$ cat protein-v7.cif   # mmCIF, C-alpha atoms
data_run
loop_
_atom_site.label_atom_id
_atom_site.label_comp_id
_atom_site.auth_asym_id
_atom_site.auth_seq_id
_atom_site.Cartn_x
_atom_site.Cartn_y
_atom_site.Cartn_z
CA MET A 1 29.19 23.65 -11.85
CA THR A 2 25.59 22.48 -11.33
CA GLY A 3 24.77 19.56 -9.07
CA SER A 4 23.60 17.48 -12.03
CA ALA A 5 26.75 18.17 -14.11
CA HIS A 6 28.90 17.51 -11.03
CA SER A 7 27.20 14.18 -10.34
CA GLN A 8 27.50 13.18 -14.02
CA GLU A 9 31.23 13.95 -13.92
CA ASN A 10 31.62 11.89 -10.76
CA ASN A 11 29.52 9.09 -12.24
CA ALA A 12 31.95 8.77 -15.17
CA HIS A 13 34.66 7.60 -12.72
CA ALA A 14 32.38 5.77 -10.31
CA THR A 15 31.28 2.16 -10.09
CA PRO A 16 27.91 1.23 -11.59
CA GLN A 17 26.55 0.95 -8.05
CA ALA A 18 27.76 4.45 -7.13
CA ALA A 19 26.26 5.78 -10.36
CA ARG A 20 22.96 4.04 -9.56
CA LEU A 21 22.85 5.47 -6.02
CA SER A 22 23.71 8.92 -7.30
CA SER A 23 21.04 8.64 -10.00
CA LEU A 24 18.38 7.58 -7.49
CA VAL A 25 19.29 10.41 -5.11
CA GLU A 26 19.28 12.88 -8.03
CA GLU A 27 15.81 11.67 -9.05
CA ALA A 28 14.55 11.95 -5.47
CA GLN A 29 15.92 15.50 -5.20
CA GLY A 30 14.26 16.48 -8.47
CA LEU A 31 10.92 15.06 -7.34
CA MET A 32 11.23 16.80 -3.96
CA ASP A 33 11.98 20.13 -5.65
CA GLU A 34 8.94 19.62 -7.90
CA LEU A 35 6.75 18.73 -4.92
CA VAL A 36 7.81 21.84 -3.01
CA SER A 37 7.21 23.98 -6.09
CA VAL A 38 3.72 22.57 -6.62
CA SER A 39 2.85 22.90 -2.93
CA VAL A 40 3.83 26.57 -2.59
CA GLY A 41 0.33 27.99 -3.11
CA HIS A 42 -1.50 25.36 -1.06
CA THR A 43 -1.75 27.35 2.17
CA ASP A 44 -2.72 30.53 0.31
CA ALA A 45 -5.43 28.67 -1.61
CA ILE A 46 -6.83 27.28 1.65
CA LYS A 47 -6.78 30.67 3.38
CA GLY A 48 -8.39 32.27 0.32
CA GLY A 49 -11.05 29.57 0.08
CA ASP A 50 -10.04 28.76 -3.51
CA VAL A 51 -11.40 25.21 -3.67
CA ALA A 52 -10.56 24.77 -7.36
CA LYS A 53 -6.91 25.67 -6.70
CA ILE A 54 -6.75 23.31 -3.70
CA VAL A 55 -8.10 20.43 -5.81
CA GLU A 56 -5.66 21.28 -8.63
CA ILE A 57 -2.69 21.30 -6.25
CA VAL A 58 -3.69 18.04 -4.56
CA SER A 59 -4.26 16.27 -7.88
CA THR A 60 -0.91 17.54 -9.22
CA ARG A 61 0.94 16.51 -6.05
CA GLU A 62 -0.42 12.98 -5.93
CA PRO A 63 1.64 11.46 -8.80
CA ILE A 64 4.76 13.30 -7.62
CA VAL A 65 4.36 11.84 -4.12
CA ALA A 66 3.80 8.37 -5.59
CA SER A 67 7.00 8.69 -7.63
CA LEU A 68 8.90 9.95 -4.60
CA VAL A 69 7.73 6.97 -2.56
CA ARG A 70 8.82 4.61 -5.35
CA VAL A 71 12.29 6.20 -5.56
CA GLY A 72 12.59 6.19 -1.77
CA GLU A 73 11.86 2.46 -1.73
CA GLU A 74 14.50 1.89 -4.42
CA ILE A 75 17.05 3.88 -2.42
CA GLY A 76 16.14 1.94 0.72
CA ALA A 77 16.53 -1.40 -1.08
CA PHE A 78 19.88 -0.30 -2.53
CA ILE A 79 21.21 0.79 0.86
CA ALA A 80 19.94 -2.40 2.48
CA ASP A 81 21.85 -4.52 -0.06
CA PRO A 82 25.29 -5.06 1.54
CA GLU A 83 26.90 -6.12 -1.77
CA ALA A 84 25.69 -3.02 -3.63
CA ILE A 85 26.55 -0.50 -0.92
CA ALA A 86 30.00 -2.07 -0.43
CA LYS A 87 30.84 -1.21 -4.04
CA VAL A 88 30.15 2.50 -3.46
CA ASP A 89 33.12 4.68 -2.53
CA ASP A 90 32.92 6.12 1.02
CA THR A 91 32.95 9.69 -0.33
CA ASP A 92 30.12 8.96 -2.78
CA CYS A 93 28.19 7.21 -0.05
CA GLU A 94 28.67 10.12 2.36
CA GLN A 95 27.52 12.64 -0.26
CA ALA A 96 24.45 10.52 -1.05
CA PHE A 97 23.54 10.24 2.63
CA LYS A 98 23.91 14.01 3.10
CA ARG A 99 21.57 14.64 0.18
CA ILE A 100 19.13 12.02 1.45
CA GLY A 101 19.18 13.76 4.85
CA ALA A 102 18.42 17.10 3.19
CA ILE A 103 15.54 15.54 1.25
CA GLU A 104 14.16 13.99 4.46
CA HIS A 105 14.40 17.37 6.21
CA THR A 106 12.49 19.06 3.39
CA MET A 107 9.89 16.29 3.50
CA LYS A 108 9.49 16.76 7.25
CA ARG A 109 8.90 20.51 6.80
CA LEU A 110 6.40 19.79 4.02
CA ARG A 111 4.53 17.30 6.22
CA GLU A 112 4.40 19.87 9.04
CA ARG A 113 2.99 22.48 6.66
CA ASP A 114 0.48 19.93 5.34
CA ALA A 115 -0.63 19.20 8.91
CA GLN A 116 -1.17 22.93 9.49
CA ASP A 117 -3.04 23.15 6.18
CA GLN A 118 -5.23 20.24 7.25
CA ILE A 119 -6.14 22.12 10.44
CA LEU A 120 -6.97 25.23 8.37
CA MET A 121 -9.16 23.18 6.02
CA GLU A 122 -11.00 21.52 8.90
CA SER A 123 -11.56 24.91 10.52
CA ALA A 124 -12.89 26.36 7.26
CA ARG A 125 -15.16 23.33 6.85
CA ASP A 126 -16.49 23.69 10.40
CA GLN A 127 -17.12 27.41 9.91
CA LEU A 128 -19.00 26.76 6.68
CA ALA A 129 -21.08 24.02 8.32
CA SER A 130 -21.90 26.40 11.19
CA GLN A 131 -22.90 29.15 8.76
CA LEU A 132 -25.11 26.77 6.79
CA ALA A 133 -26.75 25.50 9.97
CA GLY A 134 -27.33 29.09 11.09
CA MET A 135 -28.94 29.94 7.75
CA GLY A 136 -31.38 27.05 8.09
CA THR A 137 -32.28 28.06 11.65
CA GLY A 138 -32.66 31.68 10.60
CA LYS A 139 -35.10 30.80 7.80
CA THR A 140 -37.18 28.70 10.17
CA ALA A 141 -37.29 31.53 12.69
CA LEU A 142 -38.30 34.04 10.00
CA ARG A 143 -41.12 31.79 8.79
CA ALA A 144 -42.55 31.70 12.30
CA TYR A 145 -43.06 35.48 12.19
CA LYS A 146 -44.23 35.70 8.59
CA PRO A 147 -47.95 36.43 8.27
CA ASN A 148 -49.81 33.46 6.89
CA GLN A 149 -51.15 34.34 3.47
CA GLY A 150 -52.63 30.97 2.63
CA THR A 151 -55.47 28.85 3.87
CA PRO A 152 -55.21 27.85 7.50
CA ASN A 153 -54.30 24.27 8.23
CA PRO A 154 -57.50 22.26 7.62
CA ILE A 155 -56.74 19.89 10.47
CA LEU A 156 -57.34 22.67 12.97
CA GLN A 157 -60.67 23.86 11.39
CA ASP A 158 -64.05 22.85 12.65
CA ARG A 159 -65.74 20.33 10.49
CA GLN A 160 -69.17 20.84 9.20
CA GLY A 161 -70.95 17.99 7.73
#

$ encode --input "protein-v7.cif" --output "structure tokens"
Amino acid sequence: MTGSAHSQENNAHATPQAARLSSLVEEAQGLMDELVSVSVGHTDAIKGGDVAKIVEIVSTREPIVASLVRVGEEIGAFIADPEAIAKVDDTDCEQAFKRIGAIEHTMKRLRERDAQDQILMESARDQLASQLAGMGTGKTALRAYKPNQGTPNPILQDRQG
């Protein structure tokens, strides 16, 4: 039986508060799964220098993260409400907390990977800046050795009047 079908079956016998908590946790899990799925190619795109893919991933992730934050706040408010949480069976509550812990663990791993990706992006940016600076210096050095084909600088010429 799938997790969603299992939770729907349990929700049929549960209090409205237990059903609400289960629904929020289910939504959070779905959003987390979607976030992980979207983020899979992020590191590869950074290593490959695929800027378009990086921008696509970041723009796709942003609304998912915002939704996850919203659901997390709803879960937090529900858990902080002593009347609501008291109406949730201990077993349902324990299952919800286990799932919340798993979601938090996944989020922690995703944040760690994002931090590593940030370091990779900063390194790539610094390398590109160094290459661009080197190109500018190289052109200036080459111009110094290029024979002058034009008229000499008139400031340095003798004036005749």

$ residues_near_point --input "protein-v7.cif" --point "(29.7, -0.3, -11.1)" --cutoff "12 Å" --atoms "only C-alpha atoms" --output "tab-separated table (two decimals) with C-alpha atoms, in the frame of the given file"
chain	number	residue	atom	x	y	z
A	11	ASN	CA	29.52	9.09	-12.24
A	12	ALA	CA	31.95	8.77	-15.17
A	13	HIS	CA	34.66	7.60	-12.72
A	14	ALA	CA	32.38	5.77	-10.31
A	15	THR	CA	31.28	2.16	-10.09
A	16	PRO	CA	27.91	1.23	-11.59
A	17	GLN	CA	26.55	0.95	-8.05
A	18	ALA	CA	27.76	4.45	-7.13
A	19	ALA	CA	26.26	5.78	-10.36
A	20	ARG	CA	22.96	4.04	-9.56
A	21	LEU	CA	22.85	5.47	-6.02
A	22	SER	CA	23.71	8.92	-7.30
A	83	GLU	CA	26.90	-6.12	-1.77
A	84	ALA	CA	25.69	-3.02	-3.63
A	85	ILE	CA	26.55	-0.50	-0.92
A	86	ALA	CA	30.00	-2.07	-0.43
A	87	LYS	CA	30.84	-1.21	-4.04
A	88	VAL	CA	30.15	2.50	-3.46
A	89	ASP	CA	33.12	4.68	-2.53

$ closest_residue --input "protein-v7.cif" --among "A:Ala96, A:Glu104, A:Leu110, A:Leu24" --to "A:Arg61" --atoms "all atoms listed in the file"
A:Leu110

$ resolve_selection --input "protein-v7.cif" --expression "the PyMOL selection byres ((chain A and resi 49) around 12)" --output "PyMOL selection string"
chain A and resi 41-48+50-55+117+120-125+127-128

$ residues_around --input "protein-v7.cif" --residues "A:Gly72" --least-positions-apart "4" --cutoff "9 Å" --atoms "all atoms listed in the file" --output "tab-separated table (two decimals) with C-alpha atoms, in the frame of the given file"
chain	number	residue	atom	x	y	z
A	24	LEU	CA	18.38	7.58	-7.49
A	25	VAL	CA	19.29	10.41	-5.11
A	28	ALA	CA	14.55	11.95	-5.47
A	67	SER	CA	7.00	8.69	-7.63
A	68	LEU	CA	8.90	9.95	-4.60
A	76	GLY	CA	16.14	1.94	0.72
A	77	ALA	CA	16.53	-1.40	-1.08

$ closest_residue --input "protein-v7.cif" --among "A:Met32, A:Ala133, A:Met107, A:Ile100" --to "A:Pro63" --atoms "all atoms listed in the file"
A:Met32

$ closest_residue --input "protein-v7.cif" --among "A:Gln116, A:Thr60, A:Ile79, A:Leu31" --to "A:Phe97" --atoms "all atoms listed in the file"
A:Ile79

$ closest_residue --input "protein-v7.cif" --among "A:Leu132, A:Ile75, A:Arg109, A:Val38" --to "A:Cys93" --atoms "all atoms listed in the file"
A:Ile75

$ atom_distance --input "protein-v7.cif" --atom1 "atom CA of A:Ile64" --atom2 "atom CA of A:Lys108"
16.0 Å

$ atom_distance --input "protein-v7.cif" --atom1 "atom CA of A:Val36" --atom2 "atom CA of A:Val69"
14.9 Å

$ atom_distance --input "protein-v7.cif" --atom1 "atom CA of A:Val40" --atom2 "atom CA of A:Ile119"
17.0 Å

$ axis_aligned_box --input "protein-v7.cif" --around "stretch 31-48 of chain A" --padding-each-side "6 Å" --output "lines of an AutoDock Vina configuration file"
center_x = 1.8
center_y = 23.7
center_z = -2.3
size_x = 32.4
size_y = 29.2
size_z = 23.3

$ closest_residue --input "protein-v7.cif" --among "A:Ser130, A:Ser39, A:Gln29, A:Ser59" --to "A:Ala102" --atoms "all atoms listed in the file"
A:Gln29
